[in-house]
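Asks: Structure file my_file-v5.cif (mmCIF, C-alpha atoms) is given on the next line.
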```cif
data_upload
loop_
_atom_site.label_atom_id
_atom_site.label_comp_id
_atom_site.auth_asym_id
_atom_site.auth_seq_id
_atom_site.Cartn_x
_atom_site.Cartn_y
_atom_site.Cartn_z
CA MET A 1 0.00 0.00 0.00
CA THR A 2 1.25 3.48 -0.89
CA GLY A 3 2.96 5.13 2.07
CA SER A 4 3.14 1.92 4.14
CA THR A 5 6.28 0.65 5.83
CA ALA A 6 6.70 -1.92 3.03
CA TRP A 7 6.41 0.90 0.46
CA TRP A 8 9.04 2.98 2.28
CA THR A 9 11.28 -0.08 2.55
CA ARG A 10 11.29 -0.47 -1.23
CA VAL A 11 11.97 3.26 -1.64
CA LEU A 12 14.80 3.62 0.88
CA ALA A 13 16.34 0.14 1.11
CA GLY A 14 15.80 -1.27 -2.37
CA PRO A 15 14.97 -4.86 -3.34
CA GLY A 16 15.42 -7.25 -0.43
CA GLY A 17 16.57 -4.46 1.90
CA THR A 18 15.50 -3.90 5.49
CA LEU A 19 13.87 -1.12 7.46
CA ASP A 20 13.79 -1.52 11.24
CA THR A 21 13.24 0.66 14.28
CA ARG A 22 15.42 -1.57 16.49
CA ALA A 23 18.50 -2.28 14.38
CA VAL A 24 21.85 -0.86 15.44
CA ASP A 25 23.59 -0.84 12.08
CA GLY A 26 22.52 0.84 8.88
CA GLU A 27 21.56 4.27 7.66
CA ARG A 28 19.64 6.26 10.26
CA TRP A 29 16.63 8.10 8.81
CA LEU A 30 14.49 10.61 10.72
CA LEU A 31 10.70 10.45 10.13
CA LEU A 32 8.62 13.62 9.82
CA PRO A 33 6.05 14.52 10.96
CA THR A 34 5.22 11.14 12.57
CA PRO A 35 6.39 7.55 12.22
CA GLN A 36 2.79 6.50 11.52
CA ASN A 37 2.46 8.83 8.52
CA PRO A 38 5.89 10.07 7.40
CA ARG A 39 5.84 12.68 4.66
CA VAL A 40 9.60 13.22 4.78
CA CYS A 41 12.39 10.77 5.58
CA VAL A 42 15.79 12.42 5.96
CA GLU A 43 19.14 11.10 7.10
CA ASP A 44 19.70 12.53 10.53
CA ASP A 45 23.38 13.31 9.95
CA CYS A 46 22.31 15.70 7.17
CA ALA A 47 21.64 18.85 9.20
CA VAL A 48 20.77 20.97 6.17
CA GLY A 49 18.30 18.33 4.97
CA VAL A 50 16.61 18.07 8.37
CA GLY A 51 16.41 21.85 8.65
CA ASP A 52 15.01 22.16 5.14
CA ALA A 53 12.40 19.49 5.83
CA LEU A 54 11.28 21.20 9.03
CA SER A 55 11.05 24.61 7.39
CA ARG A 56 8.96 23.15 4.56
CA PHE A 57 6.43 21.89 7.09
CA VAL A 58 6.32 25.36 8.62
CA ASP A 59 5.92 27.01 5.21
CA SER A 60 3.19 24.56 4.12
CA ARG A 61 1.08 25.62 7.08
CA GLY A 62 1.26 29.30 6.20
CA LEU A 63 3.07 30.31 9.37
CA PRO A 64 5.21 33.45 9.54
CA GLY A 65 8.52 33.38 7.69
CA PRO A 66 10.74 33.75 10.80
CA LEU A 67 9.51 30.35 11.99
CA SER A 68 11.38 28.76 9.08
CA THR A 69 14.62 30.04 10.62
CA VAL A 70 13.57 28.63 13.98
CA ALA A 71 12.80 25.29 12.33
CA ARG A 72 16.25 25.12 10.76
CA ARG A 73 17.88 25.88 14.11
CA ALA A 74 15.80 23.11 15.68
CA ALA A 75 17.19 20.53 13.25
CA PRO A 76 19.90 19.10 15.55
CA LEU A 77 17.38 18.60 18.36
CA ALA A 78 14.85 16.99 15.99
CA ALA A 79 17.50 14.58 14.75
CA ARG A 80 18.28 13.49 18.31
CA VAL A 81 14.78 13.08 19.72
CA GLY A 82 12.67 12.19 16.66
CA SER A 83 11.54 8.74 15.52
CA HIS A 84 13.95 6.84 13.29
CA TRP A 85 14.24 3.94 10.88
CA MET A 86 17.47 2.01 10.37
CA VAL A 87 17.79 1.19 6.67
CA GLY A 88 20.01 -1.52 5.23
CA ALA A 89 20.56 -2.95 1.74
CA ALA A 90 20.24 -6.59 0.79
CA SER A 91 23.46 -8.56 0.50
CA GLY A 92 25.19 -7.36 -2.64
CA GLY A 93 22.64 -4.59 -3.13
CA ARG A 94 22.53 -0.86 -2.50
CA THR A 95 20.20 1.44 -0.63
CA LEU A 96 18.73 4.45 -2.38
CA ARG A 97 21.38 6.71 -0.85
CA GLN A 98 24.19 4.37 -1.89
CA THR A 99 22.76 4.17 -5.42
CA LEU A 100 22.56 7.94 -5.75
CA SER A 101 26.06 8.34 -4.30
CA ALA A 102 27.41 5.97 -6.96
CA ILE A 103 25.53 7.80 -9.74
CA LEU A 104 26.75 11.23 -8.61
CA ASP A 105 30.23 10.01 -7.57
CA LEU A 106 29.72 11.77 -4.25
CA ASP A 107 28.98 10.56 -0.73
CA VAL A 108 25.60 12.28 -0.63
CA ARG A 109 23.05 12.52 2.14
CA CYS A 110 19.37 12.52 1.21
CA SER A 111 15.96 13.87 2.13
CA VAL A 112 12.99 12.01 0.62
CA SER A 113 9.60 13.73 0.56
CA VAL A 114 6.18 12.66 -0.67
CA GLY A 115 2.92 14.50 -1.11
CA PRO A 116 -0.39 13.54 0.49
CA PRO A 117 -1.52 9.94 -0.08
CA ARG A 118 -2.94 9.66 -3.59
CA PRO A 119 -2.52 7.41 -6.64
CA ASN A 120 0.21 9.55 -8.23
CA MET A 121 2.22 9.97 -5.01
CA LYS A 122 5.92 9.56 -5.70
CA PRO A 123 9.15 10.16 -3.77
CA VAL A 124 11.20 13.25 -4.54
CA VAL A 125 14.78 13.02 -3.31
CA ARG A 126 17.03 15.96 -2.51
CA CYS A 127 20.71 14.98 -2.56
CA TYR A 128 23.22 16.97 -0.51
CA ASP A 129 27.00 17.06 -0.58
CA GLY A 130 27.64 18.63 2.80
CA ALA A 131 25.44 21.75 2.90
CA GLN A 132 25.10 21.96 -0.89
CA LEU A 133 22.10 20.61 -2.80
CA VAL A 134 23.70 18.84 -5.77
CA ALA A 135 20.84 16.89 -7.38
CA VAL A 136 17.15 16.09 -7.24
CA ALA A 137 15.79 12.64 -8.05
CA LYS A 138 12.30 11.26 -8.62
CA LEU A 139 11.09 7.71 -8.23
CA GLY A 140 8.07 6.16 -9.95
CA PRO A 141 7.29 3.12 -7.77
CA ASP A 142 4.22 1.93 -9.71
CA PRO A 143 3.23 1.85 -13.40
CA HIS A 144 1.30 5.14 -13.29
CA THR A 145 4.01 7.19 -11.57
CA ALA A 146 6.76 5.39 -13.52
CA ASP A 147 5.20 6.67 -16.77
CA MET A 148 5.23 10.20 -15.36
CA VAL A 149 8.88 9.98 -14.31
CA ARG A 150 9.94 8.54 -17.68
CA ASN A 151 7.96 11.23 -19.51
CA GLU A 152 9.72 13.96 -17.55
CA GLY A 153 13.09 12.47 -18.45
CA ARG A 154 12.19 12.40 -22.14
CA TRP A 155 11.07 16.02 -22.13
CA LEU A 156 14.07 17.26 -20.20
CA ARG A 157 16.33 15.62 -22.77
CA THR A 158 14.30 17.19 -25.59
CA LEU A 159 14.43 20.63 -23.98
CA GLY A 160 18.14 20.20 -23.33
CA ALA A 161 18.77 19.45 -27.01
CA GLU A 162 16.20 21.99 -28.31
CA PRO A 163 16.12 24.72 -25.66
CA VAL A 164 13.32 27.23 -25.43
CA PRO A 165 14.67 30.81 -25.29
CA GLY A 166 14.60 32.11 -21.75
CA VAL A 167 13.60 28.77 -20.22
CA VAL A 168 16.10 26.96 -17.98
CA VAL A 169 15.35 23.34 -17.06
CA PRO A 170 17.20 20.71 -15.00
CA GLU A 171 19.78 18.56 -16.76
CA VAL A 172 19.21 14.81 -16.83
CA LEU A 173 22.13 13.23 -14.97
CA HIS A 174 20.84 9.65 -14.97
CA GLN A 175 17.70 7.75 -15.96
CA ASP A 176 17.19 4.08 -15.20
CA VAL A 177 15.50 2.08 -12.47
CA PHE A 178 15.96 1.49 -8.76
CA GLY A 179 14.51 -1.91 -8.00
CA GLU A 180 11.11 -1.87 -9.69
CA ALA A 181 10.82 1.91 -9.62
CA ALA A 182 11.63 4.27 -12.49
CA LEU A 183 14.47 6.58 -11.44
CA LEU A 184 15.29 10.04 -12.78
CA VAL A 185 18.22 12.04 -11.42
CA MET A 186 18.41 15.72 -12.34
CA SER A 187 20.72 18.62 -11.66
CA ALA A 188 19.61 20.98 -8.90
CA LEU A 189 18.44 24.31 -10.24
CA PRO A 190 20.40 27.17 -8.61
CA ILE A 191 17.46 28.83 -6.89
CA ASP A 192 17.18 30.05 -3.32
CA ASP A 193 13.60 28.89 -2.86
CA ASP A 194 11.62 26.38 -4.94
CA THR A 195 8.19 27.40 -3.65
CA GLY A 196 7.49 29.35 -6.85
CA VAL A 197 5.95 32.76 -7.44
CA THR A 198 2.61 34.45 -6.86
CA PHE A 199 -0.26 33.74 -9.25
CA ASP A 200 -0.09 37.22 -10.77
CA ALA A 201 3.64 36.82 -11.48
CA VAL A 202 3.29 33.71 -13.68
CA PRO A 203 4.85 34.81 -17.01
CA ALA A 204 2.62 34.38 -20.07
CA ASP A 205 5.52 35.16 -22.41
CA VAL A 206 7.32 31.99 -21.29
CA LEU A 207 4.36 29.93 -22.52
CA GLU A 208 4.45 31.79 -25.83
CA ARG A 209 8.11 30.85 -26.29
CA PHE A 210 7.34 27.23 -25.43
CA TRP A 211 4.44 27.07 -27.90
CA GLU A 212 6.45 28.68 -30.68
CA SER A 213 9.33 26.26 -30.13
CA ARG A 214 7.10 23.30 -31.05
CA PRO A 215 5.49 24.22 -34.42
CA THR A 216 2.87 21.94 -35.91
CA SER A 217 1.03 21.64 -39.20
CA VAL A 218 -1.67 19.12 -38.20
CA GLY A 219 -5.18 19.85 -37.00
CA LEU A 220 -6.93 18.60 -33.90
CA ALA A 221 -8.57 15.69 -35.74
CA GLU A 222 -5.09 14.27 -36.57
CA SER A 223 -3.50 15.24 -33.27
CA PRO A 224 -1.64 12.47 -31.42
CA TRP A 225 -3.03 14.03 -28.24
CA LEU A 226 -6.61 13.35 -29.36
CA ALA A 227 -5.74 9.80 -30.44
CA ARG A 228 -4.14 9.21 -27.05
CA LEU A 229 -7.19 10.65 -25.25
CA ARG A 230 -9.40 8.15 -27.09
CA GLU A 231 -7.09 5.33 -25.96
CA ARG A 232 -7.15 6.54 -22.35
CA LEU A 233 -10.95 6.56 -22.27
CA ALA A 234 -11.54 3.54 -24.53
CA THR A 235 -12.46 1.26 -21.61
CA ASP A 236 -14.41 3.93 -19.73
CA PRO A 237 -17.94 2.55 -19.14
CA ASN A 238 -19.35 6.08 -19.40
CA HIS A 239 -20.52 6.31 -23.02
CA GLU A 240 -21.21 10.03 -22.69
CA ARG A 241 -17.54 10.75 -22.04
CA ARG A 242 -16.46 8.65 -25.00
CA ALA A 243 -19.00 10.42 -27.22
CA LEU A 244 -17.63 13.79 -26.14
CA VAL A 245 -14.12 12.73 -27.10
CA ASP A 246 -15.30 11.53 -30.52
CA SER A 247 -17.10 14.83 -31.08
CA LEU A 248 -13.90 16.83 -30.58
CA GLY A 249 -12.31 15.76 -33.84
CA VAL A 250 -15.39 16.37 -35.98
CA ASP A 251 -16.43 19.70 -34.51
CA PRO A 252 -16.58 22.36 -37.28
CA GLY A 253 -13.99 24.47 -35.48
CA ALA A 254 -11.65 21.64 -34.53
CA ASP A 255 -8.99 22.12 -37.19
CA GLU A 256 -8.91 25.87 -36.63
CA ILE A 257 -7.59 25.40 -33.09
CA PRO A 258 -3.83 25.97 -32.96
CA LEU A 259 -1.97 23.08 -31.37
CA ALA A 260 1.09 23.30 -29.16
CA ALA A 261 3.04 21.40 -26.57
CA TRP A 262 1.80 22.01 -23.05
CA HIS A 263 3.65 21.82 -19.77
CA GLY A 264 0.87 19.84 -18.11
CA ASP A 265 1.05 21.50 -14.68
CA TRP A 266 1.65 25.17 -15.39
CA SER A 267 1.43 26.53 -11.85
CA PRO A 268 2.91 29.29 -9.69
CA TRP A 269 5.14 26.85 -7.78
CA ASN A 270 6.72 25.14 -10.79
CA LEU A 271 8.79 28.14 -11.88
CA ALA A 272 11.04 30.86 -10.53
CA PRO A 273 12.77 33.87 -12.10
CA LYS A 274 16.44 33.59 -12.99
CA SER A 275 16.74 37.08 -14.47
CA ALA A 276 14.52 39.70 -16.11
CA ASP A 277 13.90 37.51 -19.17
CA GLN A 278 14.89 34.01 -18.01
CA TRP A 279 12.91 31.55 -15.92
CA PHE A 280 13.63 28.27 -14.20
CA VAL A 281 10.83 25.78 -14.96
CA TRP A 282 10.50 22.32 -13.44
CA ASP A 283 8.03 19.39 -13.07
CA TRP A 284 7.69 18.35 -16.73
CA GLU A 285 6.22 14.93 -15.92
CA ARG A 286 2.84 15.59 -17.59
CA THR A 287 4.13 17.47 -20.64
CA ALA A 288 2.67 16.44 -23.99
CA ASP A 289 2.92 17.58 -27.61
CA LEU A 290 0.22 18.71 -30.04
CA ALA A 291 -2.56 19.53 -27.57
CA PRO A 292 -4.91 22.49 -28.05
CA ARG A 293 -3.11 25.75 -27.42
CA GLY A 294 -4.37 27.29 -24.22
CA PHE A 295 -4.45 24.15 -22.07
CA ASP A 296 -1.78 25.55 -19.73
CA LEU A 297 -3.75 28.77 -19.27
CA LEU A 298 -6.94 26.84 -18.48
CA HIS A 299 -5.06 24.60 -16.05
CA LEU A 300 -3.56 27.61 -14.29
CA HIS A 301 -6.94 29.28 -13.79
CA HIS A 302 -8.89 26.10 -13.01
CA GLN A 303 -6.45 24.63 -10.51
CA TYR A 304 -4.87 27.69 -8.95
CA GLY A 305 -6.94 30.74 -9.91
CA ARG A 306 -10.58 31.79 -10.05
CA GLY A 307 -11.90 29.12 -12.42
CA LEU A 308 -12.19 28.53 -16.15
CA ASP A 309 -14.24 31.65 -16.83
CA ALA A 310 -11.36 33.78 -15.57
CA ALA A 311 -9.17 32.47 -18.41
CA VAL A 312 -11.21 34.10 -21.20
CA SER A 313 -9.01 37.16 -21.69
CA ASP A 314 -5.82 35.08 -21.49
CA LEU A 315 -7.14 32.69 -24.14
CA ALA A 316 -7.96 35.64 -26.39
CA ASP A 317 -4.44 37.01 -25.91
CA ALA A 318 -3.14 33.54 -26.86
CA GLY A 319 -4.88 33.81 -30.24
CA LEU A 320 -8.01 31.76 -29.58
CA ALA A 321 -11.12 33.29 -31.14
CA PRO A 322 -14.15 33.46 -28.81
CA ARG A 323 -16.05 30.85 -30.85
CA LEU A 324 -13.18 28.35 -30.39
CA GLN A 325 -12.79 28.80 -26.65
CA PRO A 326 -15.71 26.54 -25.60
CA LEU A 327 -14.25 23.68 -27.66
CA VAL A 328 -10.82 24.13 -26.07
CA ARG A 329 -12.38 24.23 -22.59
CA ARG A 330 -14.28 21.02 -23.34
CA ALA A 331 -11.09 19.35 -24.55
CA TYR A 332 -9.25 20.43 -21.39
CA LEU A 333 -12.01 19.14 -19.11
CA LEU A 334 -11.91 15.76 -20.84
CA GLU A 335 -8.11 15.67 -20.43
CA LEU A 336 -8.54 16.37 -16.73
CA THR A 337 -11.25 13.73 -16.44
CA ALA A 338 -8.92 11.17 -18.07
CA ARG A 339 -6.24 12.04 -15.52
CA HIS A 340 -8.61 11.37 -12.64
CA LEU A 341 -9.74 8.08 -14.13
CA GLU A 342 -6.28 6.71 -14.91
CA ALA A 343 -4.81 7.74 -11.56
CA GLY A 344 -6.36 4.76 -9.83
CA GLU A 345 -9.43 3.65 -7.93
CA LEU A 346 -11.98 6.46 -7.68
CA ASP A 347 -13.06 7.31 -4.16
CA GLY A 348 -16.24 9.25 -3.49
CA ASP A 349 -14.66 12.71 -3.63
CA ARG A 350 -12.76 11.99 -6.83
CA GLN A 351 -15.83 10.48 -8.47
CA ARG A 352 -17.80 13.60 -7.63
CA THR A 353 -15.03 15.71 -9.16
CA VAL A 354 -15.10 13.62 -12.36
CA ASP A 355 -18.90 13.93 -12.51
CA GLN A 356 -18.67 17.72 -12.13
CA LEU A 357 -16.06 17.93 -14.87
CA LEU A 358 -18.18 15.79 -17.14
CA ARG A 359 -21.21 18.00 -16.53
CA LEU A 360 -19.16 21.06 -17.44
CA ALA A 361 -17.92 19.33 -20.58
CA VAL A 362 -21.48 18.40 -21.58
CA ASP A 363 -22.59 21.99 -21.02
CA GLU A 364 -19.76 23.21 -23.26
CA ASN A 365 -21.00 20.86 -25.99
CA GLU A 366 -24.60 22.04 -25.92
#
```
Please go through the file and, once you have read it, give me the structure as structure tokens.

Replies:
Amino acid sequence: MTGSTAWWTRVLAGPGGTLDTRAVDGERWLLLPTPQNPRVCVEDDCAVGVGDALSRFVDSRGLPGPLSTVARRAAPLAARVGSHWMVGAASGGRTLRQTLSAILDLDVRCSVSVGPPRPNMKPVVRCYDGAQLVAVAKLGPDPHTADMVRNEGRWLRTLGAEPVPGVVVPEVLHQDVFGEAALLVMSALPIDDDTGVTFDAVPADVLERFWESRPTSVGLAESPWLARLRERLATDPNHERRALVDSLGVDPGADEIPLAAWHGDWSPWNLAPKSADQWFVWDWERTADLAPRGFDLLHLHHQYGRGLDAAVSDLADAGLAPRLQPLVRRAYLLELTARHLEAGELDGDRQRTVDQLLRLAVDENE
């Protein structure tokens, strides 16, 4: 089960490894916030990692900034009195830390964080050489998250070979597997704080550069994105959703919609300014080519802003005529519905969300 002790054992210790609260030997990992539900596991001899983990918990709760400094200063005490796991590799094997040390050719210490329990939960590893953050790694421990991690690696290689002007992305240092999990190791972006920017500071011109860097001559009906959406919903028992997907390609305005690559999670906390005209951008795990232009703007407003209706002026600025905007919104809502469905078993809340999205998509089609 995701987030269980067995799950953490596979993440930290690797195939056949051990995780024990009573062992004397092995790597000593501190559990935060509790041993029953750890969201961060960090080696307790990595003071900067412990301090960073504590300050992130403070920041995530919206507490005043000075408390982050207090949290960092509390790191040595937390490492001494907190709950711990002792992690050991199988005979002839390597732990996650040992694997990353071999890849980076450094004796790194690590902090492993996960988001709230959900189907696409995956470990994000921060690798430190002393006080310096030298790399960030992601693990995809199941088929769904493994696809996301592999996709991010592919796009980072593409963007490294075909850079977008003014966009700085991590460099792929290594891509393989760790046990049964997909593994991606990336360079650490040289930023002071990776919590992103305010909503109003998200730069529209960066999206324009990204779109223009991926020109296309096909229409929506021939788009690989639409073909893939049909595949993703092919086994969906809801015939209304499948009918909506089929209607996209034959809509009279379909082939007038400009297509472009989209980041997939264009949000205030996935970018940071490097200079006046350069931006660091990360989290490319959902990026896809040849989707309707404007998806990133809709995602930004729907997930992090004031809703889809608030995106109207931005869509117009992006070159979408008013009569095409309902079709693009419908396409985006179906994309989001597919994400919910393929993420795993639908609980009550997620099913209600899918139903609401479907209702919106139906309304757009009427």

Asks: With distances taken over all atoms listed in the file, which residue among A:Val185, A:Val164, A:Leu336, A:Val11 lies nearest Lys122 (chain A)?

Replies: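 Under the stated criterion, the closest residue is A:Val11.
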
Asks: List the residues matched by the PyMOL selection byres ((chain A and resi 256) around 10) in the displayed structure as JSON, numbers by chain, ordered by chain and then by residue number.

Replies: {"A": [219, 220, 251, 252, 253, 254, 255, 257, 258, 259, 320, 321, 324]}

Asks: Hey, which of A:Thr5, A:Ala188, A:Leu315, A:Arg22 ends up closest to Ala204 (chain A)? Count only C-alpha atoms.

Replies: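 The answer is A:Leu315, which sits nearest to Ala204 (chain A).
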
Asks: Separation of CA of Leu19 (chain A) and CA of Met86 (chain A), in Å?

Replies: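 Computed distance, CA of Leu19 (chain A) to CA of Met86 (chain A), equals 5.6 Å.
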
Asks: With the PyMOL selection byres ((chain A and resi 88) around 12) as the selection, what would be picked from this file? Answer as a VMD selection string, please.

Replies: chain A and resid 9 to 21 23 to 29 85 to 87 89 to 98

Asks: For the residues in that selection, give me C-alpha atoms as a short mmCIF file (atom, residue, chain, number, x, y, z; two decimals), keeping the file's coordinate frame.

Replies:
```cif
data_model
loop_
_atom_site.label_atom_id
_atom_site.label_comp_id
_atom_site.auth_asym_id
_atom_site.auth_seq_id
_atom_site.Cartn_x
_atom_site.Cartn_y
_atom_site.Cartn_z
CA THR A 9 11.28 -0.08 2.55
CA ARG A 10 11.29 -0.47 -1.23
CA VAL A 11 11.97 3.26 -1.64
CA LEU A 12 14.80 3.62 0.88
CA ALA A 13 16.34 0.14 1.11
CA GLY A 14 15.80 -1.27 -2.37
CA PRO A 15 14.97 -4.86 -3.34
CA GLY A 16 15.42 -7.25 -0.43
CA GLY A 17 16.57 -4.46 1.90
CA THR A 18 15.50 -3.90 5.49
CA LEU A 19 13.87 -1.12 7.46
CA ASP A 20 13.79 -1.52 11.24
CA THR A 21 13.24 0.66 14.28
CA ALA A 23 18.50 -2.28 14.38
CA VAL A 24 21.85 -0.86 15.44
CA ASP A 25 23.59 -0.84 12.08
CA GLY A 26 22.52 0.84 8.88
CA GLU A 27 21.56 4.27 7.66
CA ARG A 28 19.64 6.26 10.26
CA TRP A 29 16.63 8.10 8.81
CA TRP A 85 14.24 3.94 10.88
CA MET A 86 17.47 2.01 10.37
CA VAL A 87 17.79 1.19 6.67
CA ALA A 89 20.56 -2.95 1.74
CA ALA A 90 20.24 -6.59 0.79
CA SER A 91 23.46 -8.56 0.50
CA GLY A 92 25.19 -7.36 -2.64
CA GLY A 93 22.64 -4.59 -3.13
CA ARG A 94 22.53 -0.86 -2.50
CA THR A 95 20.20 1.44 -0.63
CA LEU A 96 18.73 4.45 -2.38
CA ARG A 97 21.38 6.71 -0.85
CA GLN A 98 24.19 4.37 -1.89
#
```

Asks: Taking the file as shown, find all residues satisfying the PyMOL selection byres ((chain A and resi 223) around 12) and write them as a list in words.

Replies: Thr216, Ser217, Val218, Gly219, Leu220, Ala221, Glu222, Pro224, Trp225, Leu226, Ala227, Arg228, Leu229, Arg230, Leu248, Gly249, Ala254, Asp255, Ile257, Pro258, Leu259, Ala260, Ala261, Ala288, Asp289, Leu290, Ala291 and Pro292 of chain A

Asks: What is the distance, in Å and to one decimal place, between CA of Ala135 (chain A) and CA of Gln303 (chain A)?

Replies: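 Distance reported for this atom pair: 28.5 Å.
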
Asks: Could you please determine the separation between CA of Phe280 (chain A) and CA of Val206 (chain A) in Å, to one decimal place?

Replies: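 Distance reported for this atom pair: 10.2 Å.
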
Asks: Edge lengths and centre in Å to one decimal, as lines of an AutoDock Vina configuration file, of the axis-aligned box that encloses all listed atoms of region 95-103 of chain A with 3 Å added on every side?

Replies:
```
center_x = 23.1
center_y = 4.9
center_z = -5.2
size_x = 14.7
size_y = 12.9
size_z = 15.1
```

Asks: Select, from A:Pro322, A:Pro163, A:Gly140, A:Pro38, the residue with the minimum atom-to-atom distance to Gly115 (chain A), counting only C-alpha atoms.

Replies: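 So, comparing all the options, the nearest one is A:Pro38.
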
Asks: Using only C-alpha atoms, can you tell me which of A:Glu342, A:Leu333, A:Gly49, A:Tyr128 comes closest to Arg359 (chain A)?

Replies: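 Going through A:Glu342, A:Leu333, A:Gly49, A:Tyr128 one by one, the smallest distance to Arg359 (chain A) is for A:Leu333.
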
Asks: Find the residue from A:Ala343, A:Leu159, A:Val167, A:Val149 that sits nearest to Asp205 (chain A); use all atoms listed in the file when measuring.

Replies: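 Residue with the minimum atom-to-atom distance to Asp205 (chain A): A:Val167.
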
Asks: Taking only C-alpha atoms into account, name the residue in A:Met186, A:Met148, A:Val114, A:Ala181 that is nearest to Val136 (chain A).

Replies: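 Using only C-alpha atoms, the shortest distance to Val136 (chain A) belongs to A:Met186.
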